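Report on the structure given below.
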Amino acid sequence: MRAVVDFSLSEEQVRHVAWVREFMDSHVRPVVAELDKISDPDERFPWGIIEKAHGEGLMRFGLPEAYGGTPVDEVTLCLLMEEFGAADIGVGGIIAQYWNCVALIDRMGNDFHRDTFIRPYLDNPRAIYALAMTEPTAGTDAQLPYDAPDGGPMLEAVPDGDEIVLNGVKTYSSYSNVADVIIVFARTDKSVGLTQGMTAFIVTKDTPGFSVARTFDLMGHRLAPIAELHFDDCRIPKENQLTPWNGGFAEMSRFTVGRYWVGARCLGVARAAFDLALEYAKTRVQGGKPIIEHQMVARQLGEMAMTIEAARNTIWKAAWAAEHPEQADPIVLRMARVLGSEAAMKVALDAVRIHGGPGTFTDVGVEKLFRDAATGLHPAPLDVQLMIMGQVLAGNRQGPVAPLNVAS
Ligand SMILES: Cc1cc2nc3c(=O)[nH]c(=O)nc-3n(C[C@H](O)[C@H](O)[C@H](O)COP(=O)(O)OP(=O)(O)OC[C@H]3O[C@@H](n4cnc5c(N)ncnc54)[C@H](O)[C@@H]3O)c2cc1C
């Protein structure tokens, strides 16, 4: 008889998780605390880890099979995202964005794009990809979307002979300060809203007229910088047009992979905070016994475990939903993103509480997880996800129900 729901992991999934955990134990956990403390965000980028991830095949693992990736299901990818988040959510974001951007170029683009912007970078141990949608005046507006001519991204793309000329500013684009290849969403018709008037292009870092204006110093996710990019008469070959003209929003909605990946990485943050809190509660003695034997602390830990489990179940369901769009309600993908981030915030805060004073010390670990959890409320603010769920329930949703991915 066919099992309707089966939560057991396959041998293959267990093997993949063990491999990633081993990578994180060997190359990430020993160094992240020190890297996190580097004050200059441009100096902080974890090149050593990324080079090892390229060298050991982790960067390639989640790519489409045509580029040497390992074909795995979405649940497996979510399991790996959780492992990333439990080690360092910033490092995990860099790897996930690499997988996401290559998949987007592969799905949205043609053979020229694949041969020019994917294949030459596969063996480059420092290859980094980024996606630039947000602008100083277009944050949430690009996501809800606010679909009026005066709303959304305003960076302009104008054809000029065999070239496209880009002018404008992008901001908060993850890893774009070090990226080789950037997917840039530009306005190609300002007489209509962004769903009808936006096109995606590919810009490489050496293009004249392109510059990184500023790298932001983040509270959490500190190994994964976000940057402001300037495009001043930035000329790209017209072949770099990635989506149909004015079809950027529709294509992005059609080909995006899971925004709930962010939720899965946040779940890893929650798990790491819980593990530290549980260990501390078993060993810290107050009132003549380990604090876990005090009912209030035991109750707190029980609630933390329940919060993690509820988020994990929804994330796994979202992973299944992503592969069964005809049977699933896509709203669950947004729920998974929200629940993962909220679990991280709640559990990390409780972990700080359970640690007492040391919970606030920078060398104990939960303080970093708390900062990472808070930063995990972005990108795509949770309120926006909830508002979109409300729009769906009200039956007046414009734009995709499933996530539009900005930073996987
Ligand atoms: C760590 C991090 C990584 C990021 N990575 C990327 C990336 O790789 N690429 C990229 O393009 N962008 C990226 N972003 C940008 C991110 O997508 C934006 O921060 C997000 O879209 C919100 O925009 P904003 O910050 O301008 O906030 P705003 O849009 O100014 O929102 C401010 C507040 O107002 C609320 N609000 C806004 N509009 C409405 C409304 N209509 N109704 C009710 N409430 C509203 C919001 O919920 C929020 O609480 C990243 C951001 C962060 C923090």
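Letters A, B, ... go to the chains of the structure tokens in the order shown; residues in each chain start at 1; ligands are counted from 1 in the same order.
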(request) Enumerate residues in contact with ligand 1: an atom-to-atom distance of at most 8 Å, counting only C-alpha atoms and all ligand atoms. Format the result as JSON, numbers by chain. (result) {"A": [130, 131, 132, 133, 134, 135, 136, 137, 138, 139, 140, 141, 142, 143, 144, 146, 170, 171, 172, 173, 174, 175, 176, 218, 220, 221, 224, 225, 226, 375, 376, 377, 378, 379, 380, 381, 382, 383, 384, 387, 406, 407, 408]}
(request) Please provide the set of residues having any atom within 8 Å of region 277-283 of chain A, restricted to only C-alpha atoms, with same-chain residues fewer than 4 positions apart removed, written as a list in words. (result) Ala273, Pro290, Ile291, Ile292, Val297, Leu301, Ala351, Val352, Ile354 and His355 of chain A
(message) Please determine, counting only C-alpha atoms, which residue among A:Thr360, A:Asn240, A:Ser191, A:Gln327 has the shortest atom-to-atom distance to Thr116 (chain A).
(response) A:Asn240
(request) Provide the CA of Asp363 (chain A) to CA of Phe45 (chain A) distance in Å, to one decimal place. (result)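 It comes out at 20.3 Å.
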Going by DSSP on the backbone, which bits of region 217-335 of chain A are strand (DSSP E)? Write them as a PDB file with C-alpha atoms, in the first residue's frame, please.
```pdb
ATOM      1  CA  ILE A 226      25.217  42.827   0.551  1.00  0.00           C
ATOM      2  CA  ALA A 227      26.241  45.722  -1.681  1.00  0.00           C
ATOM      3  CA  GLU A 228      25.110  48.750  -3.646  1.00  0.00           C
ATOM      4  CA  LEU A 229      25.863  48.675  -7.367  1.00  0.00           C
ATOM      5  CA  HIS A 230      26.072  51.588  -9.790  1.00  0.00           C
ATOM      6  CA  PHE A 231      25.410  51.356 -13.510  1.00  0.00           C
ATOM      7  CA  ASP A 232      26.579  54.472 -15.352  1.00  0.00           C
ATOM      8  CA  ASP A 233      26.130  54.119 -19.114  1.00  0.00           C
ATOM      9  CA  CYS A 234      26.984  50.479 -18.562  1.00  0.00           C
ATOM     10  CA  ARG A 235      26.975  48.863 -22.015  1.00  0.00           C
ATOM     11  CA  ILE A 236      26.379  45.150 -22.430  1.00  0.00           C
ATOM     12  CA  PRO A 237      25.980  43.121 -25.649  1.00  0.00           C
ATOM     13  CA  VAL A 285      23.503  23.964  38.123  1.00  0.00           C
ATOM     14  CA  GLN A 286      21.373  26.445  40.036  1.00  0.00           C
ATOM     15  CA  LYS A 289      20.197  20.883  40.281  1.00  0.00           C
ATOM     16  CA  PRO A 290      20.772  21.283  36.546  1.00  0.00           C
TER      17      PRO A 290
END
```
(message) Which residues are near region 244-250 of chain A? Cut-off 12 Å, only C-alpha atoms, ignore same chain within fewer than 3 positions. Put them as a PyMOL selection string.
(response) chain A and resi 104+108-110+133+142-145+147+152-153+156-159+164+183-201+238-241+253-256+398-400+403-406
(request) Would you mind telling me which residue in A:Asp180, A:Glu43, A:Glu309, A:Glu74 lies nearest to Leu339 (chain A) when using only C-alpha atoms? (result) A:Glu309
(request) Quick one: everything within 7 Å of region 22-37 of chain A, counting only C-alpha atoms, minus sequence neighbours fewer than 5 positions away in the same chain. Send it as a PyMOL selection string. (result) chain A and resi 44+49+87+222-223
Generate the output file for the selected residues, all heavy atoms, as a PDB file, in the first residue's frame.
```pdb
ATOM      1  N   ARG A  44      35.912  40.350   4.956  1.00  0.00           N
ATOM      2  CA  ARG A  44      35.320  39.248   5.719  1.00  0.00           C
ATOM      3  C   ARG A  44      34.868  38.082   4.838  1.00  0.00           C
ATOM      4  O   ARG A  44      34.540  37.001   5.339  1.00  0.00           O
ATOM      5  CB  ARG A  44      34.109  39.821   6.477  1.00  0.00           C
ATOM      6  CG  ARG A  44      33.750  39.108   7.749  1.00  0.00           C
ATOM      7  CD  ARG A  44      32.482  39.698   8.329  1.00  0.00           C
ATOM      8  NE  ARG A  44      32.631  41.047   8.798  1.00  0.00           N
ATOM      9  CZ  ARG A  44      31.711  42.015   8.619  1.00  0.00           C
ATOM     10  NH1 ARG A  44      30.590  41.767   7.978  1.00  0.00           N
ATOM     11  NH2 ARG A  44      31.925  43.225   9.068  1.00  0.00           N
ATOM     12  N   ILE A  49      36.723  29.152   2.609  1.00  0.00           N
ATOM     13  CA  ILE A  49      35.640  28.158   2.666  1.00  0.00           C
ATOM     14  C   ILE A  49      35.072  27.913   1.265  1.00  0.00           C
ATOM     15  O   ILE A  49      34.836  26.766   0.859  1.00  0.00           O
ATOM     16  CB  ILE A  49      34.517  28.648   3.616  1.00  0.00           C
ATOM     17  CG1 ILE A  49      35.042  28.746   5.051  1.00  0.00           C
ATOM     18  CG2 ILE A  49      33.314  27.723   3.534  1.00  0.00           C
ATOM     19  CD1 ILE A  49      34.063  29.390   6.026  1.00  0.00           C
ATOM     20  N   ALA A  87      25.562  25.565  10.617  1.00  0.00           N
ATOM     21  CA  ALA A  87      27.006  25.851  10.688  1.00  0.00           C
ATOM     22  C   ALA A  87      27.259  27.350  10.551  1.00  0.00           C
ATOM     23  O   ALA A  87      27.866  27.976  11.411  1.00  0.00           O
ATOM     24  CB  ALA A  87      27.744  25.085   9.598  1.00  0.00           C
ATOM     25  N   ARG A 222      27.116  37.729   8.631  1.00  0.00           N
ATOM     26  CA  ARG A 222      28.201  38.689   8.383  1.00  0.00           C
ATOM     27  C   ARG A 222      29.209  38.213   7.348  1.00  0.00           C
ATOM     28  O   ARG A 222      29.977  38.999   6.817  1.00  0.00           O
ATOM     29  CB  ARG A 222      28.895  39.033   9.708  1.00  0.00           C
ATOM     30  CG  ARG A 222      28.099  40.040  10.507  1.00  0.00           C
ATOM     31  CD  ARG A 222      28.632  40.221  11.907  1.00  0.00           C
ATOM     32  NE  ARG A 222      29.972  40.759  11.985  1.00  0.00           N
ATOM     33  CZ  ARG A 222      30.291  42.044  11.813  1.00  0.00           C
ATOM     34  NH1 ARG A 222      29.350  42.917  11.516  1.00  0.00           N
ATOM     35  NH2 ARG A 222      31.536  42.451  11.938  1.00  0.00           N
ATOM     36  N   LEU A 223      29.223  36.907   7.063  1.00  0.00           N
ATOM     37  CA  LEU A 223      30.146  36.418   6.036  1.00  0.00           C
ATOM     38  C   LEU A 223      29.537  36.549   4.639  1.00  0.00           C
ATOM     39  O   LEU A 223      30.161  36.183   3.651  1.00  0.00           O
ATOM     40  CB  LEU A 223      30.521  34.953   6.298  1.00  0.00           C
ATOM     41  CG  LEU A 223      31.071  34.635   7.684  1.00  0.00           C
ATOM     42  CD1 LEU A 223      31.700  33.260   7.705  1.00  0.00           C
ATOM     43  CD2 LEU A 223      32.071  35.674   8.137  1.00  0.00           C
TER      44      LEU A 223
END
```
